[in-house]
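Asker: My questions will all concern the structure given below.
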Amino acid sequence: MVSMFVMRRTRFSALMTSAGIAALVATAVIVPPASAADDRTPPLPSIPRTPSVVTPPTDQFIVKFKDPARSGSALRARSFSTAAARLGATAKDLRATAGGARVVRTSKELGDGDAEKLLASLRADPAVAYAEPDIKLQAKAADPQDTFYPLQWNLFSETAGIRATRAWDVTQGAGQVVAVVDTGKTSHPDLDANMLSGYDMITNSEDARDNDDGRDPDATDMGDSTDIGQCADGSAAMPSSWHGTHVAGIIAAVAGNNEGIAGIAPKAKILPVRVLGPCGGQTSDIADAVLWASGAPVDGVPPNLTPARVINLSLGGLLPTCPQAFQDAVDTATARGSVVVAAAGNEMTQASNSTPANCRNVVSVAASGPSGALAPYSNFGPGVDITAPGGDMSADPSGGIPSLTHDDPSTPEIENYAYAEGTSAAAPHISAAAALLMAQMGPTATPAAVVARLQRTARAIPGGCPQGCGAGLLDAAAALLRITMLVPTGDLNGDRKADAVARDSTGTLWLYPGNGRSGWLPRVRMGGGWNVMTSLVGSGDMNSDGKADVLARDTAGTLWLYPGNGRSGWLPRVRVGGGWNVMTSLVGSGDMNSDGKADVLARDTAGTLWLYPGNGRSGWLPRVRVGGGWNVMTALVGAGDMNSDRRADLLARDSAGTLWLYPGNGRSSWLPRVRVGGGWNTMSTIAGRGDFSGDGRNDVLAVDSDGVLWLYAGTGTGSAGWYPRVRMGGGWG
C-alpha cells in the first residue's frame with residue numbers, strides 16, 4: 001500500500017500581475033510534463049460573448065388595437081377567443097396598459113411554436129396594431145468585474161468552459177461548505193472573506209513545519225518546498241506550491257470585487273484541511289481529514305462545527321486498489337451527505353490505477369484543455385466519472401487555469417495569481433458545481449443525486465473522447481437550470497384534490513393542481529422570488545382555517561408561514577420564528593400527537609429529531625425530542641397515514657438506499673419500523689403526503705436521476721408498500 005499522496009498538478013506558470021501576464025519557466029513539477037509535439041492543443045478559440053436570447057413559454061400576451069374604440073368594445077374579445085380557440089385554449093382579457101394596449105391571458109401556457117401561432121393569428125387581424133408575448137424579465141448575473149475574469153475561459157467559454165455565469169442566475173453557492181483537503185490555507189485578499197478556520201491534520205511535526213507536536217487547529221500552509229533528494233534519490237529541489245490556495249481560489253474566490261478572479265461558487269465557504277507537506281501526505285492523515293471534514297468524529301480532534309457538503313481531493317498516487325482505510329472514510333463521508341471529488345491523475349494512464357480516484361463513492365475527474373478536448377497529461381478510461389477544465393499550457397500559458405498563488409517560494413507574504421494545469425485544477429470545478437447544486441437542491445440532496453445531475457447534464461467532449469472521459473464535459477448551467485423543488489401541499493385550490501408546488505430554477509413557484517387521477521390540471525404561477533427559500537414544507541392547516549398552508553425557511557434561517565387562501569394563492573405571510581438554519585431537514589408530518597392540529601418534524605445538525613406540535617394558531621407548543629441518530633437518513637418524508645390506522649407516519653431513506661416506514665403511535669413517537677424496500681438512492685427527491693390517485697390512500701411522489709416524476713400509490717397496508725408505480729411526466733429535475 002502506498003503511504004504518501006502528492007498533489008495532482010503538473011505545473012504552475014505565468015504569474016499574473018497588474019502590469020500584465022508574463023510567461024515564466026515552469027516550476028514545481030510533481031510529475032513530468034505530459035505533452036508531445038503531436039498532442040498539442042490548439043490555442044484558445046475566440047469566445048462569443050453575446051448572450052443567446054430565449055423566449056420562455058408564456059400564458060400572457062399584450063395586444064394593441066389601431067382603433068381605440070375597437071379596443072374598448074366586445075369585438076376585441078372575439079379576436080382573442082378566435083385566435084386562442086385554434087390552439088385548444090380560451091383567452092381572458094385581464095386589463096388595459098397605460099399605453100392603451102390590452103393584457104390577455106390564455107387558459108394554458110404556450111410554448112414557442114403555439115405562442116407564435118397565436119400571435120400570427122392576432123397580427124393577421126387588420127384591426128390589431130401589434131401583438132407580442134408578455135414575457136417575464138429577471139435580474140441576471142452580469143459578468144463579474146474582476147481583473148482577470150476575461151482570462152477565465154474555463155468559466156465562460158461555450159466550447160470548453162462550464163458556463164458558470166448562467167448558473168449564477170440560479171445560485172452562487174451561499175450556505176455551502178467545500179472542504180479543500182490539501183496543503184492548507186494562506187491569506188489572500190481574493191479569498192479571505194470565504195475562508196473558514198479549518199484544521200491541520202498532519203501528525204508528523206517535521207512535515208507540518210509548525211513546531212507543534214501533532215495536529216492542531218491552525219490550517220496555515222507552512223510551505224511544501226523540498227531540497228534535492230529529500231523526497232527520493234535524485235529528486236529535484238522544489239519551491240512551495242501554495243497548492244491548496246490555488247485549488248480553493250478556483251472554487252470560491254470572491255467575485256465582483258474588482259480584483260483578481262471569480263470563483264465558480266463565489267458565495268460558498270472553504271474549509272481548509274491541511275494534509276500535504278513536503279513530498280506529500282500520509283494516507284492515514286488524509287483518511288482522517290475526509291472523516292473530519294464530513295462532520296464525523298475523529299479521536300483527539302475537536303468536532304467540526306461546519307461540516308462540508310463537498311470534499312475536494314486534488315491529490316493522489318498510483319495504486320490499482322483503493323486503500324481500505326481510505327475507502328472506509330469515503331463511505332462514511334458519503335453516508336453523512338458529502339460529495340467526495342478526486343483528481344483522476346496526470347500520468348496519461350488509466351484512472352482506475354490512481355488512488356483515491358479509484359475508490360468507491362468518489363467522483364473521478366479528468367482534465368480538459370481550452371479546446372474542450374482531453375488534456376494530454378490527463379488520466380482517462382472507464383475509471384473517469386466526468387471531465388472538467390484542467391488546462392493545457394503546452395501551446396500557450398494562457399491555456400492554463402488562472403487562480404490564486406504567492407510570489408515568494410518560501411513564505412506566502414506576496415499575493416498574486418498564476419495559471420496552472422492538471423487534474424488538480426479540474427477536480428475543484430466539479431466540487432464547486434456540486435456546491436451550487438447543493439445550494440439549489442436543498443439540505444435533503446444526496447451525493448448520488450448531485451453526481452447523477454452533473455453527469456446527466458454534461459456536454460459531449462468536442463471531437464469525442466475514445467480514451468474515456470466519463471459522462472463528458474461539466475456544464476454547470478445545464479445542471480442548475482433544470483432543478484425544481486417539489487413539495488406536496490394538500491388542497492391549495494379548494495377542489496378537494498391533492499396538489500403540489502414546484503419551484504423552478506428562476507425562483508418561480510408553480511402550483512400543480514392534482515386531477516385526482518394520478519395526473520395534473522394546468523399549472524398555475526404562484527409568484528417569483530422563491531430562490532431565497534432554502535426549504536419548503538407542505539405543513540397542512542397551521543392556522544385552523546380549514547385551508548392548506550406552506551412553511552418556508554429563508555437564507556437567514558427565518559421560518560415563514562404562507563397561509564393558503566383556498567384559491568391557489570396566499571394570505572399575508574406570518575413570521576414563525578428565527579434560528580431554523582440549525583435544522584438539516586424540515587418535514588410536514590401531519591398530526592403526530594393526536595390533538596387534531598398539524599405538526600412539523602425537524603432534524604438538527606447533531607442528528608436529533610424534534611417534534612414541533614402545532615398550536616393551531618400559526619405557532620408551536622413546546623417541542624418534543626423524538627430521538628437521536630437520524631443523520632444516517634438521507635431523506636425524511638412526512639407520508640401521512642400509510643398503514644390505515646389513522647395515525648401520521650414517517651418514511652425515511654438510509655444511506656444504503658433502503659426506505660423505512662416509521663408508523664406513528666399517535667403519541668409523538670413510533671411503533672417498530674417496517675422495511676418498505678431498497679434501491680431508493682436512485683431518487684433525487686422523495687415527497688409526500690397526499691392522495692394523488694383518488695383511492696383514499698396516501699401516496700408518495702419521487703423524482704429519479706433522469707428527472708422523471710413517479711407516483712407510488714400506497715396500498716394502505718404499510719408493510720406491502722405500493723401498487724405499480726405510475727409515470728407522471730419528465731423534466732422534473
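Letters for chains follow the order of the C-alpha cells (A, B, ...), residue numbers begin at 1 for each chain, and ligand numbers begin at 1 in the order shown.
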Residues near Thr605 of chain A, anyone? I mean within 10 Å using only C-alpha atoms, not counting same-chain ones fewer than 3 positions away, as number ranges by chain.
Answerer: A: 295, 305-307, 581-585, 608-609, 630-631
Asker: Please identify which residues in segment 457-585 of chain A DSSP calls strand (DSSP E) from the backbone, and express them as a VMD selection string.
Answerer: chain A and resid 485 to 490 499 to 503 509 to 513 524 to 527 533 to 540 549 to 554 559 to 562 574 to 577 583 to 585
Asker: Using only C-alpha atoms, pick whichever of A:Val290, A:Ile251, A:Ala366, A:Leu481 has the shortest atom-to-atom distance to His429 of chain A.
Answerer: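 Going through A:Val290, A:Ile251, A:Ala366, A:Leu481 one by one, the smallest distance to His429 of chain A is for A:Ile251.
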Asker: I'd like the neighbourhood of segment 297-302 of chain A as a VMD selection string, where a residue qualifies if any of its atoms comes within 10 Å (using only C-alpha atoms), though same-chain residues fewer than 3 positions away should be ignored.
Answerer: chain A and resid 199 to 201 215 to 217 288 to 294 305
Asker: So, counting only C-alpha atoms, which residue among A:Asp190, A:Asp491, A:Asp93, A:Asp210 is closest to Phe80 of chain A?
Answerer: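 Closest to Phe80 of chain A, using only C-alpha atoms: A:Asp93.
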Asker: Rounded to one decimal in Å, what is the spacing between atom CA of Ala427 of chain A and atom CA of Phe380 of chain A?
Answerer: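 It comes out at 13.8 Å.
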Asker: Leaving out Gly690 of chain A and any residue of its chain fewer than 5 positions from it, which residues lie within 7 Å of it when counting only C-alpha atoms, given as a list of chain:residue names?
Answerer: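 Here the answer would be A:Pro488, A:Gly490, A:Ala498, A:Asn698, A:Asp699.
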Asker: Using only C-alpha atoms, what table do you get, as JSON lines, when you list each residue of segment 480-549 of chain A with an atom no more than 10 Å from segment 700-705 of chain A, its nearest pair of atoms, and their distance in Å rounded to one decimal, rows by chain then rising number?
Answerer:
{"residue": "A:Leu486", "atom": "CA", "partner": "A:Leu701", "partner_atom": "CA", "distance": 8.8}
{"residue": "A:Val487", "atom": "CA", "partner": "A:Leu701", "partner_atom": "CA", "distance": 9.0}
{"residue": "A:Pro488", "atom": "CA", "partner": "A:Leu701", "partner_atom": "CA", "distance": 8.1}
{"residue": "A:Ala500", "atom": "CA", "partner": "A:Leu701", "partner_atom": "CA", "distance": 9.8}
Asker: Just C-alpha atoms for this one: save the residues we selected as a tab-separated table (two decimals), in the first residue's frame.
Answerer:
chain	number	residue	atom	x	y	z
A	486	LEU	CA	-41.23	19.53	-5.38
A	487	VAL	CA	-43.48	19.72	-2.31
A	488	PRO	CA	-46.90	18.06	-1.94
A	500	ALA	CA	-48.18	20.08	-5.15
Asker: Rank A:Leu621, A:Ala478, A:Met348, A:Met485 by their smallest atom-to-atom distance to Trp168 of chain A, using only C-alpha atoms, and report the top residue only.
Answerer: A:Ala478
Asker: Counting only C-alpha atoms, what is within 10 Å of Phe326 of chain A, bar same-chain residues fewer than 2 positions away, as a VMD selection string?
Answerer: chain A and resid 283 to 288 290 to 291 322 to 324 328 to 332 355 to 356 359 to 360
Asker: Compile the contact shell of segment 388-391 of chain A as a list in words: residues with an atom at most 6 Å away, counting only C-alpha atoms, same-chain residues fewer than 6 positions apart removed.
Answerer: Asn154, Ala367, Ser368, Gly369, Gly399, Gly400, Ile401, Glu421, Gly422, Thr423, Ala425, Ala426, Leu473 and Leu474 of chain A
Asker: Sorted by chain and rising residue number, which residues of segment 246-324 of chain A lie within 12 Å of segment 156-165 of chain A, and what are their closest atom pairs and distances in Å to one decimal, counting only C-alpha atoms, as a Markdown table?
Answerer:
| residue | atom | partner | partner_atom | distance |
| --- | --- | --- | --- | --- |
| A:Ile250 | CA | A:Ala164 | CA | 11.7 |
| A:Ile251 | CA | A:Ala164 | CA | 11.3 |
| A:Ala255 | CA | A:Thr165 | CA | 10.9 |
| A:Gly256 | CA | A:Thr165 | CA | 11.9 |
| A:Ala262 | CA | A:Ala164 | CA | 10.0 |
| A:Gly263 | CA | A:Ala164 | CA | 9.3 |
| A:Ile264 | CA | A:Ala164 | CA | 6.3 |
| A:Ala265 | CA | A:Ala164 | CA | 8.6 |
| A:Pro266 | CA | A:Ala164 | CA | 10.5 |
Asker: Got time to write the residues from that selection, N, CA and C atoms, as a compact mmCIF listing (two decimals), in the first residue's frame?
Answerer:
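The resulting file, out_1.txt, is shown below:
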# COMPACT_ATOMS: atom_id res chain seq x y z
N ILE A 250 -10.12 28.50 -7.25
CA ILE A 250 -10.97 28.04 -8.34
C ILE A 250 -12.40 27.85 -7.84
N ILE A 251 -12.52 27.35 -6.63
CA ILE A 251 -13.85 27.06 -6.08
C ILE A 251 -14.56 28.33 -5.62
N ALA A 255 -16.13 37.02 -6.03
CA ALA A 255 -16.49 37.57 -7.34
C ALA A 255 -17.02 38.98 -7.19
N GLY A 256 -16.78 39.80 -8.22
CA GLY A 256 -17.34 41.13 -8.25
C GLY A 256 -16.66 42.13 -7.35
N ALA A 262 -12.74 35.26 -10.36
CA ALA A 262 -14.02 34.89 -9.75
C ALA A 262 -14.05 33.39 -9.54
N GLY A 263 -14.43 32.95 -8.35
CA GLY A 263 -14.60 31.53 -8.10
C GLY A 263 -15.88 31.02 -8.74
N ILE A 264 -15.96 29.71 -8.92
CA ILE A 264 -17.14 29.11 -9.54
C ILE A 264 -18.34 29.15 -8.59
N ALA A 265 -18.09 29.00 -7.30
CA ALA A 265 -19.15 29.12 -6.27
C ALA A 265 -18.72 30.25 -5.33
N PRO A 266 -18.81 31.51 -5.79
CA PRO A 266 -18.16 32.61 -5.07
C PRO A 266 -18.80 32.99 -3.75
Asker: Could you give me, as JSON lines, every segment 455-529 of chain A residue with an atom at most 12 Å from segment 98-121 of chain A, plus its closest atom pair and distance in Å to one decimal, counting only C-alpha atoms, rows ordered by chain then number?
Answerer:
{"residue": "A:Leu521", "atom": "CA", "partner": "A:Lys108", "partner_atom": "CA", "distance": 9.8}
{"residue": "A:Pro522", "atom": "CA", "partner": "A:Lys108", "partner_atom": "CA", "distance": 6.4}
{"residue": "A:Arg523", "atom": "CA", "partner": "A:Lys108", "partner_atom": "CA", "distance": 8.0}
{"residue": "A:Val524", "atom": "CA", "partner": "A:Lys108", "partner_atom": "CA", "distance": 9.0}
{"residue": "A:Arg525", "atom": "CA", "partner": "A:Glu109", "partner_atom": "CA", "distance": 10.2}
Asker: Counting only C-alpha atoms, what is within 8 Å of Arg617 of chain A, bar same-chain residues fewer than 3 positions away, as a PDB file with N, CA, C and O atoms, in the first residue's frame?
Answerer:
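Final file, part_29.pdb:
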ATOM      1  N   MET A 542     -52.095  25.065   9.401  1.00  0.00           N
ATOM      2  CA  MET A 542     -51.402  25.517  10.605  1.00  0.00           C
ATOM      3  C   MET A 542     -52.185  26.560  11.397  1.00  0.00           C
ATOM      4  O   MET A 542     -51.883  26.815  12.560  1.00  0.00           O
ATOM      5  N   ASN A 543     -53.187  27.195  10.776  1.00  0.00           N
ATOM      6  CA  ASN A 543     -53.907  28.283  11.469  1.00  0.00           C
ATOM      7  C   ASN A 543     -55.382  27.983  11.701  1.00  0.00           C
ATOM      8  O   ASN A 543     -56.159  28.880  12.055  1.00  0.00           O
ATOM      9  N   SER A 544     -55.761  26.711  11.481  1.00  0.00           N
ATOM     10  CA  SER A 544     -57.113  26.231  11.799  1.00  0.00           C
ATOM     11  C   SER A 544     -58.218  26.943  11.032  1.00  0.00           C
ATOM     12  O   SER A 544     -59.330  27.105  11.527  1.00  0.00           O
ATOM     13  N   GLY A 614     -47.980  21.702  16.457  1.00  0.00           N
ATOM     14  CA  GLY A 614     -48.684  22.923  16.114  1.00  0.00           C
ATOM     15  C   GLY A 614     -49.725  23.279  17.159  1.00  0.00           C
ATOM     16  O   GLY A 614     -50.367  22.394  17.745  1.00  0.00           O
TER      17      GLY A 614
END
Asker: In Å, how far is it from atom CA of Pro239 of chain A to atom CA of Ser410 of chain A?
Answerer: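 Computing the Euclidean distance for atom CA of Pro239 of chain A and atom CA of Ser410 of chain A yields 6.8 Å.
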Asker: Any chance you could list, as a list of chain:residue names, the residues in segment 266-349 of chain A that come up helix (DSSP H, G or I) when DSSP is run on the backbone?
Answerer: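 DSSP-assigned helix (DSSP H, G or I) residues in segment 266-349 of chain A: A:Thr283, A:Ser284, A:Asp285, A:Ile286, A:Ala287, A:Asp288, A:Ala289, A:Val290, A:Leu291, A:Trp292, A:Ala293, A:Ser294, A:Gln324, A:Ala325, A:Phe326, A:Gln327, A:Asp328, A:Ala329, A:Val330, A:Asp331, A:Thr332, A:Ala333, A:Thr334, A:Ala335.
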